[in-house]
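Undergrad: Here it is: the structure, laid out below.
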Amino acid sequence: MNGTGLIVSSSPHQRAAVSTPVIMSDVILALMPAALAGVWFFGLRALAMMVVCVATAVGTEAGLEKLMRKPLTIGDYSAAVAGFLLALVLPPDLPLWMGAIGAAFAMAIAKFIFGGLGQNIFNPALIGRAVLLASWPVFMTRWRWPIFQAPWIPDFDAVSSATPLALWKLSGIKTPYLNLFVGNVAGSIGETSALAILIGAAYLLWRGHISWRIPVSFVGTVAVLAALFGQDPLFHVLAGGLLLGAFFMATDYVTSPVTPKGQLVFGIGCGVLTVFIRLYGGYPEGVCYAILIMNAATALIDRLTVPRKFGEVKKVA
């Protein structure tokens, strides 16, 4: 061995420079366009919600780990990402204390109680949103029209009290594509601008942190089913939280399948559930619940889609 000796260690034996802090830092960076668009359209109130949610998520995780005498893990930025994502899927005028409750619940119940990062079954940010929607439905469905309106964007503020999906479902009024693409519509802080979300998604794909399988199968299924049901596919893709959910929520490493086939099944399932909730459910939006339901099926999907081992022979009874 030329005097170098043998190195004895446990697996994994092959390591990469990509770590959890690096990935989470890139996710935060990828969310910045959507966050900046939210502040631009809804003002400093949106920024305040982001600060409250992130601070509460990080503080809750640190407090619980200190209470249970566990090593602090806030340095991996996963708590900050969860709080950031939660803020982006909340209405801009939601009371700040409600955002704090959602962030605390997301970290304490959806993540910490399962064992922390890598152990949680459901996406913490979406659990936080679901809890807030079930607890304060009036506040969670109260929307405001953006404070900024560029002259080259169609004036659509006559129906500013409803999101595009609610407006379509309740009144049959369809929001112009340009409003949906740029973000000049009522909605959650980080969900309105398709352009900003796609910029961040392109960065994550370029960095190799997410695969195309889940978002493409998710968005593609929604578009195909919408067309089959006589709806406008482009409207359903641009409206609501589909793009943010498909690229930033459904692709969560912990709560989504790891097998290639499983990721396609997961994305298709999310798309089917989203369309059925939008068309036949009580709520105009279905992305949140669709992803959470498929999160519960992730372990089964992985088990059923494990690639066959090379040279494997089926057992003969």
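If you're wondering about the labels, chains in the structure tokens are A, B, ... by order shown, residues count from 1 in each chain, ligands from 1 in order shown.
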Please report, as JSON lines, each residue of segment 198-238 of chain A lying at most 9 Å from segment 176-192 of chain A, together with the nearest pair of atoms and the separation in Å rounded to one decimal; use only C-alpha atoms, and order rows by chain and ascending residue number.

TA:
{"residue": "A:Leu234", "atom": "CA", "partner": "A:Tyr177", "partner_atom": "CA", "distance": 8.1}
{"residue": "A:Phe235", "atom": "CA", "partner": "A:Tyr177", "partner_atom": "CA", "distance": 7.0}
{"residue": "A:Leu238", "atom": "CA", "partner": "A:Leu180", "partner_atom": "CA", "distance": 5.9}

Undergrad: As a ChimeraX atom specification, please: the residues near segment 247-250 of chain A (cut-off 10 Å, only C-alpha atoms, same-chain neighbours under 5 positions excluded).

TA: /A:27,30-31,82,85,123-126,197-198,200-202,204-205,210-212,214-216,218-219,242,255-257,263,266-267,270,287-288,290-292,294-295

Undergrad: Please, could you write that set of residues out with C-alpha atoms as a CSV table (one decimal), in the first residue's frame?

TA:
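Contents of the output file selection-v5.csv:
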chain,number,residue,atom,x,y,z
A,27,VAL,CA,-33.7,26.5,-2.2
A,30,ALA,CA,-34.5,29.9,-5.7
A,31,LEU,CA,-37.4,31.2,-3.6
A,82,ALA,CA,-40.1,25.4,5.9
A,85,LEU,CA,-42.4,28.2,2.2
A,123,ASN,CA,-44.4,18.4,4.1
A,124,PRO,CA,-44.2,20.7,7.2
A,125,ALA,CA,-45.1,23.9,5.4
A,126,LEU,CA,-48.2,22.4,3.9
A,197,ILE,CA,-41.6,30.8,-9.6
A,198,LEU,CA,-40.3,29.5,-13.0
A,200,GLY,CA,-36.4,29.9,-9.2
A,201,ALA,CA,-37.4,26.5,-10.5
A,202,ALA,CA,-35.0,26.8,-13.4
A,204,LEU,CA,-33.0,24.4,-8.9
A,205,LEU,CA,-33.0,22.3,-12.1
A,210,ILE,CA,-34.6,18.5,-8.2
A,211,SER,CA,-35.6,16.1,-11.0
A,212,TRP,CA,-37.9,17.0,-13.8
A,214,ILE,CA,-42.3,15.2,-10.4
A,215,PRO,CA,-43.0,18.7,-11.6
A,216,VAL,CA,-43.4,17.8,-15.2
A,218,PHE,CA,-47.6,17.0,-11.9
A,219,VAL,CA,-48.2,20.0,-14.1
A,242,LEU,CA,-49.7,24.6,-8.9
A,255,THR,CA,-41.7,13.4,1.6
A,256,SER,CA,-41.5,12.3,-2.1
A,257,PRO,CA,-40.4,9.0,-3.7
A,263,GLN,CA,-41.6,10.1,-8.8
A,266,PHE,CA,-46.3,10.6,-7.3
A,267,GLY,CA,-46.5,13.6,-9.8
A,270,CYS,CA,-50.8,14.9,-7.3
A,287,VAL,CA,-52.6,21.6,-4.5
A,288,CYS,CA,-52.0,21.6,-0.8
A,290,ALA,CA,-53.1,16.7,-3.1
A,291,ILE,CA,-49.5,16.8,-2.1
A,292,LEU,CA,-50.2,15.9,1.5
A,294,MET,CA,-49.6,11.7,-1.9
A,295,ASN,CA,-47.0,12.2,0.9

Undergrad: Have a look at atom CA of Tyr280 of chain A and atom CA of Gly99 of chain A and let me know their distance in Å, one decimal.

TA: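 Separation of atom CA of Tyr280 of chain A and atom CA of Gly99 of chain A: 28.6 Å.
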
Undergrad: Can you work out the spacing between atom CA of Phe42 of chain A and atom CA of Pro91 of chain A in Å, to one decimal?

TA: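 Value for the atom CA of Phe42 of chain A-atom CA of Pro91 of chain A distance: 9.7 Å.
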
Undergrad: Could you pull out the helix (DSSP H, G or I) residues of segment 34-194 of chain A, going by DSSP on the backbone, and write them as JSON, numbers by chain?

TA: {"A": [34, 35, 36, 37, 38, 39, 40, 41, 42, 44, 45, 46, 47, 48, 49, 50, 51, 52, 53, 54, 55, 56, 57, 58, 59, 60, 61, 62, 63, 64, 65, 66, 67, 74, 75, 76, 78, 79, 80, 81, 82, 83, 84, 85, 86, 87, 88, 96, 97, 98, 99, 100, 101, 102, 103, 104, 105, 106, 107, 108, 109, 110, 111, 112, 113, 114, 124, 125, 126, 127, 128, 129, 130, 131, 132, 133, 134, 135, 137, 138, 139, 140, 157, 158, 159, 164, 165, 166, 167, 168, 169, 170, 171, 177, 178, 179, 180, 181, 182, 194]}

Undergrad: Excluding Arg129 of chain A and any residue of its chain fewer than 3 positions from it, enumerate the residues within 8 Å of it, using only C-alpha atoms, and give them as a list in words.

TA: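 Once the nearby chain positions are removed, what remains is Leu86, Val89, Leu90, Gly102, Ala125, Leu126, Leu132 and Leu133 of chain A.
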
Undergrad: Pick out the residues sitting within 10 Å of Thr163 of chain A, and hand them over as a VMD selection string; count only C-alpha atoms, and ignore anything fewer than 2 positions along from it in its own chain.

TA: chain A and resid 141 to 145 159 to 161 165 to 169 175 185 to 188 192 239 to 240 284 to 285

Undergrad: I'd like to know which of A:Val222, A:Leu264, A:Val237, A:Val306 is closest to Ile277 of chain A, using only C-alpha atoms.

TA: A:Val222

Undergrad: Find the residues near segment 62-78 of chain A: any atom within 12 Å, counting only C-alpha atoms, skip ones fewer than 4 places away on the same chain, and give them as a PyMOL selection string.

TA: chain A and resi 19-29+54-58+82-85+104-109+111-113+115-118+123-125+252-254

Undergrad: Please report the interatomic distance between atom CA of His236 of chain A and atom CA of Ala223 of chain A in Å with one decimal.

TA: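 Between atom CA of His236 of chain A and atom CA of Ala223 of chain A the gap works out to 6.9 Å.
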